[in-house]
file data38.cif (mmCIF, C-alpha atoms)
data_model
#
loop_
_atom_site.label_atom_id
_atom_site.label_comp_id
_atom_site.auth_asym_id
_atom_site.auth_seq_id
_atom_site.Cartn_x
_atom_site.Cartn_y
_atom_site.Cartn_z
CA MET A 1 222.88 169.10 95.74
CA ALA A 2 219.85 166.84 95.43
CA LEU A 3 218.15 165.68 98.63
CA PRO A 4 218.62 161.89 99.03
CA VAL A 5 215.34 160.22 100.01
CA VAL A 6 213.95 156.75 100.61
CA LEU A 7 210.39 155.82 99.71
CA ALA A 8 208.26 153.77 102.11
CA GLY A 9 205.49 151.94 100.26
CA ALA A 10 205.76 150.58 96.72
CA GLY A 11 202.08 150.10 95.88
CA ALA A 12 200.04 152.09 93.37
CA MET A 13 200.59 155.45 95.07
CA GLY A 14 204.22 154.54 95.66
CA ARG A 15 204.68 154.15 91.93
CA ALA A 16 203.14 157.58 91.35
CA TRP A 17 205.59 159.05 93.84
CA LEU A 18 208.49 157.25 92.16
CA ALA A 19 207.62 159.06 88.93
CA ALA A 20 207.48 162.42 90.74
CA ILE A 21 210.83 161.79 92.42
CA ALA A 22 212.45 160.79 89.12
CA ALA A 23 211.20 164.00 87.49
CA ASP A 24 212.48 166.35 90.21
CA PRO A 25 216.20 167.26 90.12
CA ALA A 26 215.98 168.53 93.70
CA VAL A 27 215.60 164.99 95.08
CA GLU A 28 217.37 161.68 94.54
CA LEU A 29 215.91 158.27 95.33
CA THR A 30 218.33 156.03 97.23
CA GLY A 31 216.08 153.08 98.07
CA VAL A 32 212.56 151.70 98.47
CA ALA A 33 211.11 150.07 101.58
CA ASP A 34 208.11 147.76 101.54
CA LEU A 35 207.01 144.76 103.57
CA ASP A 36 206.92 142.88 100.26
CA LEU A 37 210.50 142.99 98.99
CA GLY A 38 209.44 141.66 95.59
CA THR A 39 207.10 144.62 95.14
CA ALA A 40 209.91 146.98 96.16
CA ARG A 41 212.36 145.43 93.68
CA ARG A 42 209.85 145.60 90.84
CA ALA A 43 209.12 149.25 91.61
CA ALA A 44 212.77 150.31 91.64
CA PRO A 45 215.02 147.81 89.82
CA GLY A 46 218.65 148.08 90.80
CA LEU A 47 218.12 150.19 93.91
CA PRO A 48 218.55 148.98 97.50
CA VAL A 49 215.36 147.70 99.12
CA GLY A 50 214.36 146.69 102.62
CA THR A 51 211.45 146.22 104.99
CA ASP A 52 212.62 148.83 107.55
CA VAL A 53 212.68 152.37 106.17
CA VAL A 54 214.93 153.74 108.94
CA ALA A 55 217.52 150.99 108.46
CA LEU A 56 217.36 151.50 104.70
CA ALA A 57 217.90 155.25 105.09
CA ALA A 58 220.95 154.61 107.26
CA GLN A 59 222.29 152.10 104.73
CA THR A 60 221.85 154.38 101.72
CA GLY A 61 222.65 157.77 103.25
CA ALA A 62 219.15 159.14 102.75
CA ARG A 63 218.32 162.30 104.64
CA ALA A 64 214.52 162.22 104.36
CA VAL A 65 211.62 159.77 104.04
CA ILE A 66 208.63 159.81 101.72
CA ASP A 67 205.90 157.80 103.52
CA VAL A 68 203.38 156.36 101.04
CA THR A 69 202.31 153.39 103.15
CA VAL A 70 198.66 152.53 103.85
CA PRO A 71 196.97 154.86 106.39
CA GLY A 72 197.24 152.36 109.24
CA ALA A 73 201.03 152.35 108.88
CA HIS A 74 201.49 156.12 108.76
CA HIS A 75 201.86 156.57 112.50
CA PRO A 76 204.50 153.88 113.21
CA VAL A 77 206.51 154.54 110.05
CA THR A 78 206.53 158.32 110.42
CA THR A 79 207.21 158.19 114.17
CA ALA A 80 210.19 155.90 113.68
CA ALA A 81 211.61 158.12 110.94
CA LEU A 82 211.17 161.37 112.87
CA LEU A 83 212.73 159.98 116.04
CA ALA A 84 215.65 158.70 113.94
CA GLY A 85 216.30 162.28 112.86
CA LEU A 86 214.69 162.02 109.43
CA PRO A 87 212.18 164.60 108.14
CA VAL A 88 209.12 163.05 106.53
CA LEU A 89 206.80 163.90 103.65
CA GLY A 90 203.72 161.72 104.06
CA GLU A 91 200.62 160.91 102.06
CA LYS A 92 197.31 162.04 103.51
CA PRO A 93 195.79 161.36 105.95
CA ALA A 94 198.50 162.17 108.45
CA ALA A 95 197.41 159.09 110.40
CA ASP A 96 194.47 156.73 110.52
CA THR A 97 193.04 158.49 113.60
CA LEU A 98 193.09 162.06 114.85
CA ALA A 99 194.66 160.88 118.11
CA ARG A 100 197.61 159.38 116.24
CA ALA A 101 197.94 162.56 114.19
CA LEU A 102 198.30 164.50 117.45
CA SER A 103 200.97 161.99 118.50
CA LEU A 104 202.82 162.79 115.27
CA CYS A 105 202.63 166.52 116.08
CA ALA A 106 204.37 165.77 119.36
CA ALA A 107 206.91 163.45 117.70
CA SER A 108 207.80 166.24 115.29
CA GLU A 109 208.27 168.60 118.24
CA VAL A 110 210.44 166.13 120.17
CA SER A 111 212.63 165.29 117.18
CA GLY A 112 212.83 168.81 115.78
CA GLN A 113 212.17 167.30 112.35
CA LEU A 114 209.69 168.48 109.73
CA PHE A 115 206.66 166.30 109.08
CA MET A 116 204.74 167.62 106.09
CA VAL A 117 201.52 166.04 104.84
CA SER A 118 201.06 165.99 101.09
CA GLN A 119 197.61 167.46 100.54
CA SER A 120 198.34 167.43 96.84
CA ARG A 121 195.43 169.65 95.81
CA ARG A 122 196.85 172.52 97.87
CA TRP A 123 199.36 173.00 95.05
CA ASN A 124 196.82 173.24 92.23
CA PRO A 125 197.37 176.64 90.56
CA ARG A 126 193.64 176.91 89.83
CA LEU A 127 192.86 176.50 93.53
CA PHE A 128 195.18 179.42 94.22
CA ARG A 129 193.20 181.47 91.68
CA LEU A 130 189.91 180.47 93.35
CA ARG A 131 191.32 181.59 96.70
CA ALA A 132 192.35 184.95 95.21
CA MET A 133 188.89 185.42 93.69
CA THR A 134 187.25 184.49 97.00
CA ALA A 135 189.23 187.21 98.77
CA ARG A 136 187.63 189.74 96.42
CA LEU A 137 184.04 188.64 97.09
CA GLY A 138 183.81 190.36 100.48
CA GLY A 139 181.87 188.85 103.36
CA VAL A 140 181.72 185.29 102.06
CA VAL A 141 178.64 183.57 103.49
CA SER A 142 178.67 180.20 101.78
CA ALA A 143 180.84 177.84 99.79
CA GLY A 144 180.25 174.35 98.58
CA THR A 145 181.76 171.36 96.83
CA ASP A 146 179.83 168.72 94.89
CA PHE A 147 181.80 165.53 94.34
CA PHE A 148 180.39 162.55 92.45
CA ARG A 149 182.52 159.70 91.13
CA ALA A 150 182.28 155.92 90.81
CA PRO A 151 185.78 154.43 91.15
CA HIS A 152 186.36 150.71 91.68
CA PHE A 153 189.60 150.66 93.65
CA GLY A 154 189.54 147.25 95.22
CA GLY A 155 191.77 146.83 98.26
CA PHE A 156 191.54 148.65 101.57
CA ARG A 157 189.38 151.57 100.43
CA GLU A 158 186.41 149.34 99.66
CA GLN A 159 186.58 147.89 103.18
CA MET A 160 186.70 151.21 105.05
CA ALA A 161 183.82 152.13 107.38
CA GLN A 162 183.63 155.63 105.85
CA PRO A 163 185.56 155.47 102.57
CA LEU A 164 184.38 158.78 101.10
CA LEU A 165 184.95 160.88 104.20
CA THR A 166 188.11 159.13 105.34
CA ASP A 167 189.97 158.78 102.06
CA MET A 168 188.64 161.47 99.72
CA ALA A 169 186.68 164.25 101.42
CA ILE A 170 189.79 165.39 103.30
CA HIS A 171 191.03 166.86 100.00
CA ALA A 172 187.98 169.10 99.73
CA PHE A 173 187.96 169.92 103.45
CA ASP A 174 191.61 170.95 103.33
CA ALA A 175 191.02 172.98 100.17
CA ALA A 176 188.04 174.72 101.81
CA ARG A 177 190.22 175.87 104.70
CA PHE A 178 192.71 177.23 102.16
CA VAL A 179 190.17 178.92 99.85
CA LEU A 180 188.19 180.53 102.66
CA ALA A 181 191.24 181.33 104.82
CA ALA A 182 189.14 180.04 107.72
CA GLU A 183 189.08 177.18 110.21
CA PRO A 184 186.26 174.76 111.05
CA VAL A 185 184.10 175.30 114.12
CA GLU A 186 181.23 172.80 113.95
CA VAL A 187 179.71 170.28 111.53
CA THR A 188 176.40 168.57 110.93
CA CYS A 189 176.77 165.49 108.73
CA ARG A 190 174.79 162.53 107.43
CA THR A 191 176.26 159.53 105.64
CA TRP A 192 174.62 156.60 103.84
CA ASN A 193 175.29 153.76 101.42
CA PRO A 194 173.02 153.04 98.44
CA PRO A 195 171.96 149.46 97.76
CA TRP A 196 174.14 149.19 94.65
CA SER A 197 177.31 150.33 96.44
CA TRP A 198 180.42 148.14 96.17
CA TYR A 199 181.83 149.70 99.36
CA ALA A 200 181.44 148.04 102.75
CA GLY A 201 181.00 151.41 104.47
CA ASP A 202 179.02 154.54 103.68
CA ALA A 203 180.07 155.92 100.29
CA CYS A 204 177.81 159.01 100.36
CA ALA A 205 177.86 162.05 102.63
CA ALA A 206 176.39 165.51 103.09
CA ALA A 207 178.07 167.83 105.58
CA VAL A 208 177.59 171.47 106.60
CA PHE A 209 180.53 173.12 108.37
CA GLU A 210 180.41 176.39 110.25
CA MET A 211 183.74 178.15 109.67
CA THR A 212 185.44 180.95 111.58
CA GLY A 213 184.11 184.27 110.31
CA GLY A 214 180.60 182.84 109.97
CA ALA A 215 180.72 181.28 106.50
CA ARG A 216 179.14 177.87 105.91
CA TYR A 217 180.92 175.25 103.83
CA VAL A 218 178.73 172.50 102.36
CA TYR A 219 180.14 169.21 101.07
CA HIS A 220 177.91 166.80 99.14
CA GLY A 221 179.50 163.73 97.63
CA SER A 222 179.34 160.11 96.56
CA TRP A 223 181.89 157.50 95.55
CA CYS A 224 179.31 155.24 93.91
CA ALA A 225 177.63 157.70 91.53
CA PRO A 226 178.01 156.37 87.96
CA GLY A 227 177.26 158.82 85.16
CA ALA A 228 177.86 162.57 84.83
CA GLU A 229 180.87 162.38 87.10
CA THR A 230 182.45 165.55 88.47
CA SER A 231 186.12 166.42 88.41
CA TRP A 232 188.28 164.62 90.98
CA ASN A 233 188.57 168.10 92.53
CA GLY A 234 184.79 168.46 92.72
CA VAL A 235 182.67 171.36 91.51
CA TRP A 236 182.94 174.54 93.60
CA ARG A 237 180.81 177.63 94.22
CA VAL A 238 181.65 180.48 96.60
CA ASN A 239 179.14 183.26 97.36
CA GLY A 240 179.92 186.64 98.89
CA ARG A 241 178.65 190.18 99.22
CA HIS A 242 180.17 191.27 95.91
CA GLY A 243 179.46 188.25 93.76
CA THR A 244 180.24 184.60 93.11
CA ALA A 245 183.23 182.52 92.13
CA THR A 246 182.86 179.08 90.54
CA TRP A 247 185.24 176.30 89.57
CA ASP A 248 184.52 173.09 87.68
CA GLY A 249 187.58 171.49 89.27
CA ASP A 250 189.52 171.22 86.01
CA ASP A 251 189.58 174.49 84.08
CA ASP A 252 190.25 178.02 85.27
CA PRO A 253 187.77 179.28 87.88
CA GLU A 254 185.36 182.06 86.98
CA GLY A 255 184.72 185.11 89.13
CA PRO A 256 186.23 188.50 89.99
CA ALA A 257 189.48 189.30 88.21
CA ASP A 258 192.47 188.17 90.23
CA ASP A 259 196.16 188.84 89.99
CA GLY A 260 197.38 186.72 92.87
CA PRO A 261 200.53 184.57 92.60
CA VAL A 262 200.14 180.92 91.66
CA PRO A 263 202.65 178.11 92.18
CA PRO A 264 204.64 176.87 89.18
CA TYR A 265 203.95 173.24 90.15
CA ASP A 266 200.97 171.02 90.89
CA GLY A 267 199.86 167.86 92.69
CA ILE A 268 202.28 165.51 94.41
CA ALA A 269 205.12 166.98 92.36
CA GLY A 270 204.32 170.32 93.95
CA ALA A 271 204.26 168.83 97.44
CA LEU A 272 207.62 167.16 96.81
CA ARG A 273 209.24 170.36 95.59
CA VAL A 274 207.85 172.39 98.50
CA PHE A 275 209.14 169.77 100.95
CA ALA A 276 212.63 169.82 99.46
CA ASP A 277 212.66 173.64 99.39
CA ALA A 278 211.51 173.81 103.02
CA LEU A 279 214.37 171.57 104.13
CA ALA A 280 216.85 173.60 102.09
CA THR A 281 215.67 176.97 103.44
CA GLY A 282 214.39 176.12 106.91
CA THR A 283 210.96 177.55 106.16
CA THR A 284 207.70 176.03 107.41
CA PRO A 285 205.56 174.84 104.49
CA MET A 286 201.81 174.50 104.12
CA GLY A 287 200.95 170.97 105.12
CA GLU A 288 203.27 170.96 108.16
CA ILE A 289 201.64 168.53 110.58
CA HIS A 290 200.25 171.11 113.03
CA GLU A 291 198.76 173.12 110.15
CA ASN A 292 197.33 169.98 108.54
CA VAL A 293 195.62 168.40 111.55
CA PRO A 294 192.46 170.61 111.41
CA SER A 295 191.67 169.06 108.00
CA LEU A 296 191.73 165.58 109.56
CA ALA A 297 189.70 166.95 112.49
CA MET A 298 187.01 167.96 109.96
CA VAL A 299 186.88 164.37 108.74
CA GLU A 300 186.62 162.88 112.22
CA ALA A 301 184.03 165.45 113.33
CA ALA A 302 181.89 164.72 110.25
CA ILE A 303 182.07 160.97 110.96
CA HIS A 304 181.10 161.49 114.60
CA SER A 305 178.24 163.81 113.64
CA GLY A 306 176.82 161.19 111.29
CA ALA A 307 177.15 158.45 113.92
CA ARG A 308 175.70 160.54 116.77
CA GLY A 309 172.95 162.22 114.77
CA ARG A 310 173.80 165.72 116.03
CA PRO A 311 176.15 168.63 115.35
CA VAL A 312 179.70 168.06 116.58
CA THR A 313 182.23 170.80 117.32
CA ILE A 314 185.83 170.60 116.24
CA GLY A 315 186.78 171.44 119.81
CA GLU A 316 185.09 168.39 121.32
CA VAL A 317 186.61 166.10 118.71
CA LEU A 318 190.08 167.49 119.39
CA ASP A 319 189.59 167.19 123.15
CA ASP A 320 188.54 163.55 122.79
CA ALA A 321 191.46 162.82 120.44
CA TYR A 322 193.91 164.46 122.83
CA ALA A 323 192.68 162.32 125.73
CA GLN A 324 192.98 159.23 123.51
CA ALA A 325 196.49 160.23 122.41
CA MET A 326 197.60 160.62 126.02
CA ALA A 327 196.14 157.23 126.91
CA GLU A 328 197.70 155.43 123.93
CA GLU A 329 201.14 157.04 123.77
CA ARG A 330 203.97 154.70 124.74
CA HIS A 331 207.07 156.73 123.86
CA PRO A 332 208.02 158.65 127.03
CA ASP A 333 209.37 161.75 125.28
CA VAL A 334 206.40 162.01 122.94
CA ARG A 335 204.01 161.53 125.85
CA ALA A 336 205.81 164.24 127.82
CA ALA A 337 205.49 166.63 124.88
CA LEU A 338 201.77 165.90 124.59
CA GLY A 339 201.37 166.40 128.32
CA GLY A 340 202.95 169.84 128.05
CA TRP A 341 200.20 171.16 125.77
CA ARG A 342 197.58 173.42 127.32
CA SER A 343 195.13 171.75 124.97
CA ALA A 344 195.15 170.34 121.44
CA ARG A 345 193.16 173.33 120.25
CA ALA A 346 195.64 175.77 121.70
CA ARG A 347 198.65 173.85 120.35
CA LEU A 348 197.15 173.93 116.85
CA GLY A 349 196.36 177.65 117.08
CA LEU A 350 192.60 177.10 117.11
CA GLY A 351 191.86 178.83 120.42
#
call {"tool": "encode", "arguments": {"input": "data38.cif", "output": "structure tokens"}}
result
Amino acid sequence: MALPVVLAGAGAMGRAWLAAIAADPAVELTGVADLDLGTARRAAPGLPVGTDVVALAAQTGARAVIDVTVPGAHHPVTTAALLAGLPVLGEKPAADTLARALSLCAASEVSGQLFMVSQSRRWNPRLFRLRAMTARLGGVVSAGTDFFRAPHFGGFREQMAQPLLTDMAIHAFDAARFVLAAEPVEVTCRTWNPPWSWYAGDACAAAVFEMTGGARYVYHGSWCAPGAETSWNGVWRVNGRHGTATWDGDDDPEGPADDGPVPPYDGIAGALRVFADALATGTTPMGEIHENVPSLAMVEAAIHSGARGRPVTIGEVLDDAYAQAMAEERHPDVRAALGGWRSARARLGLG
């Protein structure tokens, strides 16, 4: 039986998710929620619409929520759904701040409901191949991603303080954790904005992460780099004791022969299928909120490093975010769950 879901957010990404839902027989759309009911009706003619996703789920019999709202709405929408007993598949980032992402970890614990973040590139079969090749390199010492594009989005992205790091680099950071099978320890980052940029905030960044195991991961990117653009996945190079693996972001990676398994799906369609399968089987998927938070921590640590002009550890960023989460949390059960953690690092399995 197909999983009945409601979609929260009917903007551009919402329409992409509507197409993925329509193409997947494992899920069934029962309604669309958006603050603009006209936008919701145009996105899904003939289906129930509403401004409150929880009320709409109750009205239509949905058993899960797909949250494709703007980042600032992720925390309230997802919290309300989880505490209403609805599992959630959400667009990245998990929340607009690391502190609110920690709150969502606790809300998932309190409710017992799955909150999975759709890091869509995690389900790219070529990324799986790059990970398998990397495992054969032995003693990986360095990896890097170059990302250069020039998109004119309009809307909220062009008003962000750190549009590249906040909205795009998390894809590469999350993929780096996956490819290297390692977690971030510390970052040194610089950000800047060229005079021709159409972004209000810094659209360029260079970051060097120390990862567990000693490897360094280097990210160099720009969102206002017209000409000779890279793949949306970036261009990758991984160096180890026994050789090098490379990936142009689009075609098959090159490196040591690999025979590792790859997923039969890709992108947001892959995230949707994994979410539905996880609910059907009770398994914990990649992208579960606790597993996903270190990717957002990489973003916040890089931003803080650029602002402070010094290296920043993931530990100090998580400690600060945990203190902020405790200070901001208003739901008594969620606050009690947060208060029961030994530390954010320990709760996320980072030491």
call {"tool": "residues_around", "arguments": {"input": "data38.cif", "residues": "Gly255 of chain A", "least_positions_apart": "4", "cutoff": "9 Å", "atoms": "all atoms listed in the file", "output": "PDB file with C-alpha atoms, in the frame of the given file"}}
result
ATOM      1  CA  LEU A 130     189.910 180.470  93.350  1.00  0.00           C
ATOM      2  CA  MET A 133     188.890 185.420  93.690  1.00  0.00           C
ATOM      3  CA  THR A 134     187.250 184.490  97.000  1.00  0.00           C
ATOM      4  CA  LEU A 137     184.040 188.640  97.090  1.00  0.00           C
ATOM      5  CA  GLY A 243     179.460 188.250  93.760  1.00  0.00           C
ATOM      6  CA  THR A 244     180.240 184.600  93.110  1.00  0.00           C
ATOM      7  CA  ALA A 245     183.230 182.520  92.130  1.00  0.00           C
ATOM      8  CA  THR A 246     182.860 179.080  90.540  1.00  0.00           C
ATOM      9  CA  TRP A 247     185.240 176.300  89.570  1.00  0.00           C
TER      10      TRP A 247
END
call {"tool": "closest_residue", "arguments": {"input": "data38.cif", "among": "A:Phe173, A:Phe275, A:Tyr265, A:Phe115", "to": "Leu102 of chain A", "atoms": "only C-alpha atoms"}}
result
A:Phe115
call {"tool": "atom_distance", "arguments": {"input": "data38.cif", "atom1": "atom CA of Gly144 of chain A", "atom2": "atom CA of Trp123 of chain A"}}
result
19.5 Å
call {"tool": "resolve_selection", "arguments": {"input": "data38.cif", "expression": "the PyMOL selection byres ((chain A and resi 315) around 12)", "output": "list in words"}}
result
Glu183, Pro184, Val185, Glu186, Val187, Pro294, Ala297, Met298, Glu300, Ala301, Pro311, Val312, Thr313, Ile314, Glu316, Val317, Leu318, Asp319, Asp320, Ala321, Tyr322, Ser343, Ala344, Arg345, Ala346, Leu348, Gly349, Leu350 and Gly351 of chain A
call {"tool": "atom_distance", "arguments": {"input": "data38.cif", "atom1": "atom CA of Thr30 of chain A", "atom2": "atom CA of Ala106 of chain A"}}
result
27.9 Å
call {"tool": "closest_residue", "arguments": {"input": "data38.cif", "among": "A:Ala175, A:Leu89, A:Val65, A:Ala325", "to": "Arg131 of chain A", "atoms": "all atoms listed in the file"}}
result
A:Ala175
call {"tool": "residues_around", "arguments": {"input": "data38.cif", "residues": "Pro285 of chain A", "least_positions_apart": "6", "cutoff": "10 Å", "atoms": "only C-alpha atoms", "output": "compact mmCIF listing (two decimals) with C-alpha atoms, in the coordinates of the input"}}
result
# COMPACT_ATOMS: atom_id res chain seq x y z
CA LEU A 114 209.69 168.48 109.73
CA PHE A 115 206.66 166.30 109.08
CA MET A 116 204.74 167.62 106.09
CA VAL A 117 201.52 166.04 104.84
CA ALA A 271 204.26 168.83 97.44
CA VAL A 274 207.85 172.39 98.50
CA PHE A 275 209.14 169.77 100.95
CA ASP A 277 212.66 173.64 99.39
CA ALA A 278 211.51 173.81 103.02
CA LEU A 279 214.37 171.57 104.13
CA GLU A 291 198.76 173.12 110.15
call {"tool": "atom_distance", "arguments": {"input": "data38.cif", "atom1": "atom CA of Met211 of chain A", "atom2": "atom CA of Gly287 of chain A"}}
result
19.2 Å
call {"tool": "closest_residue", "arguments": {"input": "data38.cif", "among": "A:Ser142, A:Gln324, A:Gln119, A:Thr79", "to": "Glu91 of chain A", "atoms": "all atoms listed in the file"}}
result
A:Gln119
call {"tool": "residues_around", "arguments": {"input": "data38.cif", "residues": "Asp52 of chain A", "least_positions_apart": "3", "cutoff": "12 Å", "atoms": "only C-alpha atoms", "output": "number ranges by chain"}}
result
A: 6-9, 31-37, 40, 48-49, 55-59, 65, 67, 76-78, 80-81
call {"tool": "residues_around", "arguments": {"input": "data38.cif", "residues": "Val208 of chain A", "least_positions_apart": "2", "cutoff": "6 Å", "atoms": "only C-alpha atoms", "output": "PDB file with C-alpha atoms, in the frame of the given file"}}
result
ATOM      1  CA  VAL A 187     179.710 170.280 111.530  1.00  0.00           C
ATOM      2  CA  THR A 188     176.400 168.570 110.930  1.00  0.00           C
ATOM      3  CA  TYR A 217     180.920 175.250 103.830  1.00  0.00           C
ATOM      4  CA  VAL A 218     178.730 172.500 102.360  1.00  0.00           C
TER       5      VAL A 218
END
call {"tool": "resolve_selection", "arguments": {"input": "data38.cif", "expression": "the PyMOL selection byres ((chain A and resi 129) around 10)", "output": "list in words"}}
result
Asn124, Pro125, Arg126, Leu127, Phe128, Leu130, Arg131, Ala132, Met133, Thr134, Ala135, Val179, Trp247, Asp252, Pro253, Glu254, Gly255, Ala257, Asp258, Asp259, Gly260, Pro261 and Val262 of chain A
call {"tool": "closest_residue", "arguments": {"input": "data38.cif", "among": "A:Ala19, A:Tyr199, A:Arg42, A:Gly240", "to": "Phe153 of chain A", "atoms": "all atoms listed in the file"}}
result
A:Tyr199
call {"tool": "residues_around", "arguments": {"input": "data38.cif", "residues": "Ala307 of chain A", "least_positions_apart": "4", "cutoff": "10 Å", "atoms": "all atoms listed in the file", "output": "number ranges by chain"}}
result
A: 189-191, 301-303
call {"tool": "closest_residue", "arguments": {"input": "data38.cif", "among": "A:Ile268, A:Val141, A:Ala161, A:Arg237", "to": "Leu18 of chain A", "atoms": "all atoms listed in the file"}}
result
A:Ile268
call {"tool": "closest_residue", "arguments": {"input": "data38.cif", "among": "A:Arg136, A:His171, A:His290, A:Arg310", "to": "Gly267 of chain A", "atoms": "all atoms listed in the file"}}
result
A:His171
